[in-house]
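Below: the structure, in structure tokens.
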Amino acid sequence: MRLLFGTLFGLAVAALVGLGLTYHALTRGTAFGGLSIDSWTAWPKTGTVDADPYARASIARTGRLPTALGDGVSFTLQSDDEGKALDGRCEVILSGITPVARFWTLTLYNPDGGLVANSTNRYGFTSQEIVRRADGSFEIVVAPRANAGNWLPTGGVERYELVLRLYDTAVGVSTKAGREVPMPEVMTRSCP
Amino acid sequence: MIRWLLLILGGALLGGIVHLATVIILPRTATQDAYARLSPIAQVNTVVALPAPTPEKAVMPFMDPAFASAVCRYDLSQGPLKLTVPVSPAYTSVSFYTRYDVAYYAINDRAAGRRVIELDLMTTAQREQVPEDEEVTAADRLIVESPTPTGVIAIRAMAPEPGLLRVAESLVAASKCSTQQPEPPPRAPVRPPEPPRPRR
């Protein structure tokens with residue numbers, strides 16, 4: 001009886017630890033070989049055949065097709081430069097420039113990867129649509145209410161993430177954070 | 001006391017194995033991965049345009065709304081696949097994914113260097129049967145090898161401004177993927193079926 005109980009206990013621990021770790025790894029989106037630049041993170045290897053088992057499992061779980069490396073690189077942003085999670089009720093300012101790429105797009109998603117409904121049907125910007133300063137830098141205001149300039153509406157959702165996709169770029173597996181890969185600064189300006 | 005500690009330790013070790021096993025098995029058991037989501041709407045070896053993602057509905061999560069996209073779900077068991085994609089004025093890319101949604105190849109309009117991206121997709125076994133004629137291979141046949149006999153090709157054209165989405169959609173819809181006739185191997189001429197013998 002003691003043996004049976006002990007075995008069951010051991011197996012229960014195993015199931016809890018094993019499935020808990022898997023769930024944690026997949027919901028937090030951990031994969032090896034991430035390229036972190038300020039608060040932006042990309043996994044260039046996820047778009048290649050060298051994708052590690054965690055990346056493969058995460059791709060299968062979310063149901064997306066990853067950006068192939070020959071196509072481009074996706075940078076995800078979940079918090080501002082001070083580590084505060086992006087909040088759709090606040091005004092978040094993105095300013096600066098992007099790494100060299102033929103085109104880029106910036107898109108706002110809810111945490112499940114869906115677009116966020118808003119009154120203007122604007123879900124993101126492309127590099128061609130953006131209004132720039134004379135030196136080529138830009139400022140994008142991600143906010144629930146209309147703003148002058150490049151306004152990306154949040155629809156007032158609590159949590160969202162931004163994905164910056166660089167298309168036809170030299171940024172890849174061997175890229176290191178540095179001067180060649182400048183990413184926009186992210187500041188939360190005003191919260192209600 | 002020691003007995004319980006040992007049980008917890010053993011359980012944790014076993015848990016580590018369970019964790020690794022589930023992570024590795026997951027892509028093969030996932031019922032809602034991209035391939036499974038595309039299967040009901042995309043017939044095999046045909047280009048199917050995907051509806052643009054909206055807040056209410058999207059075929060897959062994390063689709064880029066600035067792109068018009070189409071997919072070709074392929075099955076190479078009947079022979080190699082021929083793919084032609086007209087290039088849009090802005091940016092066009094073709095990405096290849098295995099059955100388990102791993103990207104193994106991608107090409108864009110600039111890398112293709114022409115008005116039309118043309119390539120042949122085949123398995124490694126089919127590639128080996130292609131006659132070695134290097135000039136032909138280098139000059140006009142771009143051959144891509146698929147690691148799995150089935151998979152998905154994503155064809156995407158960018159609309160730099162929302163007004164250009166229609167143009168991008170029509171270009172993507174004009175692309176074609178089809179299984180080609182296998183190269184006729186040298187063999188004995190096929191005899192026409194013999195007419196039934198008249199009965200006596």
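Residue numbering restarts at 1 in every chain; chains get A, B, ... in the order shown in the structure tokens, and ligands count up from 1 in that same order.
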Using only C-alpha atoms, what does the table of chain B residues within 6 Å of chain A look like, with each row giving the shortest atom pair and its distance in Å to one decimal, sorted by chain and ascending number, as a Markdown table?
```
| residue | atom | partner | partner_atom | distance |
| --- | --- | --- | --- | --- |
| B:Leu7 | CA | A:Gly10 | CA | 5.2 |
| B:Gly11 | CA | A:Ala14 | CA | 4.3 |
| B:Ala12 | CA | A:Ala14 | CA | 5.3 |
| B:Leu14 | CA | A:Ala14 | CA | 5.2 |
| B:Gly15 | CA | A:Ala14 | CA | 3.8 |
| B:Gly16 | CA | A:Gly18 | CA | 5.5 |
| B:Val18 | CA | A:Gly18 | CA | 4.8 |
| B:His19 | CA | A:Gly18 | CA | 4.1 |
| B:Val23 | CA | A:Ala57 | CA | 5.9 |
| B:Ile24 | CA | A:Pro53 | CA | 5.9 |
| B:Leu26 | CA | A:Ala57 | CA | 5.7 |
| B:Pro27 | CA | A:Ala60 | CA | 5.2 |
| B:Gln32 | CA | A:Gly63 | CA | 5.8 |
| B:Asp33 | CA | A:Gly63 | CA | 3.8 |
| B:Ala34 | CA | A:Gly63 | CA | 4.4 |
| B:Pro55 | CA | A:Leu115 | CA | 4.5 |
| B:Met60 | CA | A:Arg64 | CA | 5.5 |
| B:Pro61 | CA | A:Gly113 | CA | 4.6 |
| B:Phe62 | CA | A:Gly113 | CA | 4.6 |
| B:Ala103 | CA | A:Thr48 | CA | 5.2 |
| B:Tyr104 | CA | A:Val49 | CA | 5.1 |
| B:Ala106 | CA | A:Gly70 | CA | 4.7 |
| B:Ile107 | CA | A:Gly70 | CA | 5.9 |
| B:Pro160 | CA | A:Gln128 | CA | 5.8 |
```
Could you write out that same residue set with C-alpha atoms as a compact mmCIF listing (two decimals), in the first residue's frame?
```txt
# COMPACT_ATOMS: atom_id res chain seq x y z
CA LEU B 7 10.12 10.41 -4.37
CA GLY B 11 9.31 12.67 -9.77
CA ALA B 12 11.10 15.87 -10.75
CA LEU B 14 10.81 12.05 -14.57
CA GLY B 15 9.03 15.39 -14.99
CA GLY B 16 12.01 16.72 -16.91
CA VAL B 18 7.97 14.35 -19.61
CA HIS B 19 8.65 18.02 -20.39
CA VAL B 23 7.82 19.68 -26.33
CA ILE B 24 9.16 17.39 -29.04
CA LEU B 26 3.68 18.71 -29.60
CA PRO B 27 4.19 19.82 -33.24
CA GLN B 32 -4.67 23.96 -34.56
CA ASP B 33 -1.32 24.64 -36.19
CA ALA B 34 -1.10 26.68 -39.37
CA PRO B 55 -10.18 42.01 -35.85
CA MET B 60 -3.90 32.53 -38.71
CA PRO B 61 -2.69 34.68 -35.84
CA PHE B 62 0.01 37.31 -36.42
CA ALA B 103 10.31 27.64 -42.76
CA TYR B 104 13.00 26.05 -44.90
CA ALA B 106 12.22 31.94 -48.82
CA ILE B 107 12.86 34.13 -51.81
CA PRO B 160 2.77 49.89 -48.95
```
Near-B:Gly113 list (12 Å; only C-alpha atoms; drop same-chain fewer than 6 positions) as number ranges by chain
B: 86-87, 91-92, 107, 140, 142
Which residues in chain B does DSSP call alpha helix (DSSP H)? List them as an NGL selection string.
:B and (2-29 or 34-38 or 109-112 or 124-129 or 134-139 or 165-173)
Excluding stretch 81-91 of chain A and residues on its chain fewer than 6 positions from it, collect all residues at most 8 Å away from it, counting only C-alpha atoms, and give them as a list in words.
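Selected residues are Asp38, Ser39, Val141, Val142, Ala143, Pro144, Thr154, Gly155, Gly156, Val157, Glu158, Arg159, Tyr160, Glu161, Glu185, Val186, Met187, Thr188, Arg189, Ser190, Cys191 and Pro192 of chain A.
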Write a file of the just-selected residues containing C-alpha atoms, as a PDB file, in the first residue's frame.
```pdb
ATOM      1  CA  ASP A  38      16.536  47.301 -26.032  1.00  0.00           C
ATOM      2  CA  SER A  39      13.028  46.023 -25.364  1.00  0.00           C
ATOM      3  CA  VAL A 141       2.102  57.578 -31.020  1.00  0.00           C
ATOM      4  CA  VAL A 142       0.348  54.407 -29.892  1.00  0.00           C
ATOM      5  CA  ALA A 143      -2.658  55.671 -27.973  1.00  0.00           C
ATOM      6  CA  PRO A 144      -6.369  55.111 -27.451  1.00  0.00           C
ATOM      7  CA  THR A 154      -4.957  50.809 -29.438  1.00  0.00           C
ATOM      8  CA  GLY A 155      -8.717  50.502 -29.175  1.00  0.00           C
ATOM      9  CA  GLY A 156      -8.271  50.928 -25.428  1.00  0.00           C
ATOM     10  CA  VAL A 157      -7.292  47.294 -24.810  1.00  0.00           C
ATOM     11  CA  GLU A 158      -5.368  46.548 -21.676  1.00  0.00           C
ATOM     12  CA  ARG A 159      -2.549  44.474 -23.164  1.00  0.00           C
ATOM     13  CA  TYR A 160      -1.143  44.464 -26.636  1.00  0.00           C
ATOM     14  CA  GLU A 161       2.094  43.787 -28.407  1.00  0.00           C
ATOM     15  CA  GLU A 185      12.975  53.954 -28.312  1.00  0.00           C
ATOM     16  CA  VAL A 186       9.773  53.154 -26.471  1.00  0.00           C
ATOM     17  CA  MET A 187       8.430  55.474 -23.753  1.00  0.00           C
ATOM     18  CA  THR A 188       5.114  55.434 -21.949  1.00  0.00           C
ATOM     19  CA  ARG A 189       4.069  59.070 -21.752  1.00  0.00           C
ATOM     20  CA  SER A 190       0.787  59.416 -19.999  1.00  0.00           C
ATOM     21  CA  CYS A 191      -1.491  56.921 -18.321  1.00  0.00           C
ATOM     22  CA  PRO A 192      -4.973  57.769 -17.100  1.00  0.00           C
TER      23      PRO A 192
END
```
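For B:Met158, the non-local neighbours within 7 Å, defined as residues at least 4 positions apart in the same chain or in other chains and counting only C-alpha atoms, are Ala66, Phe67, Ala68, Ala90, Tyr91, Thr92 and Ala168 of chain B.
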Write a file of the just-selected residues containing C-alpha atoms, as an mmCIF file, in the first residue's frame.
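Wrote it out as out_31.cif, contents follow:
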```cif
data_model
loop_
_atom_site.group_PDB
_atom_site.id
_atom_site.type_symbol
_atom_site.label_atom_id
_atom_site.label_comp_id
_atom_site.auth_asym_id
_atom_site.auth_seq_id
_atom_site.Cartn_x
_atom_site.Cartn_y
_atom_site.Cartn_z
ATOM 1 C CA ALA B 66 -0.100 45.219 -44.994
ATOM 2 C CA PHE B 67 0.189 42.141 -47.183
ATOM 3 C CA ALA B 68 -2.066 40.321 -49.584
ATOM 4 C CA ALA B 90 6.570 46.962 -53.995
ATOM 5 C CA TYR B 91 7.677 43.713 -52.437
ATOM 6 C CA THR B 92 6.761 40.112 -53.065
ATOM 7 C CA ALA B 168 -1.333 43.247 -54.459
#
```
Near A:Leu35, within 8 Å and counting only C-alpha atoms, which residues show up once chain neighbours fewer than 5 positions away are dropped, as an mmCIF file with C-alpha atoms, in the first residue's frame?
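Saved file around39.cif follows:
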```
data_model
loop_
_atom_site.group_PDB
_atom_site.id
_atom_site.type_symbol
_atom_site.label_atom_id
_atom_site.label_comp_id
_atom_site.auth_asym_id
_atom_site.auth_seq_id
_atom_site.Cartn_x
_atom_site.Cartn_y
_atom_site.Cartn_z
ATOM 1 C CA THR A 41 13.211 40.741 -29.290
ATOM 2 C CA ALA A 42 13.495 38.688 -32.459
ATOM 3 C CA TRP A 43 14.160 35.006 -33.010
ATOM 4 C CA PRO A 44 15.771 34.922 -36.445
ATOM 5 C CA THR A 175 23.337 39.945 -35.942
ATOM 6 C CA LYS A 176 24.412 41.314 -32.561
ATOM 7 C CA ALA A 177 22.832 44.256 -30.808
#
```
Polymer residues at most 12 Å from A:Arg179, only C-alpha atoms, same-chain spacing of 3 or more positions, as a ChimeraX atom specification
/A:37-38,97-100,175-176,182-183
Neighbours of stretch 126-131 of chain B within 9 Å (only C-alpha atoms; same-chain residues fewer than 5 positions away dropped), as a compact mmCIF listing (two decimals) with C-alpha atoms, in the first residue's frame?
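Listed below is the output, selection.txt:
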```
# COMPACT_ATOMS: atom_id res chain seq x y z
CA GLY B 79 5.49 14.66 -58.88
CA PRO B 80 7.36 17.95 -58.61
CA LEU B 121 9.70 22.34 -55.88
CA ILE B 143 15.01 24.21 -57.88
CA VAL B 144 13.92 24.08 -54.27
CA GLU B 145 14.08 20.86 -52.30
CA GLU B 183 9.92 14.06 -66.91
```
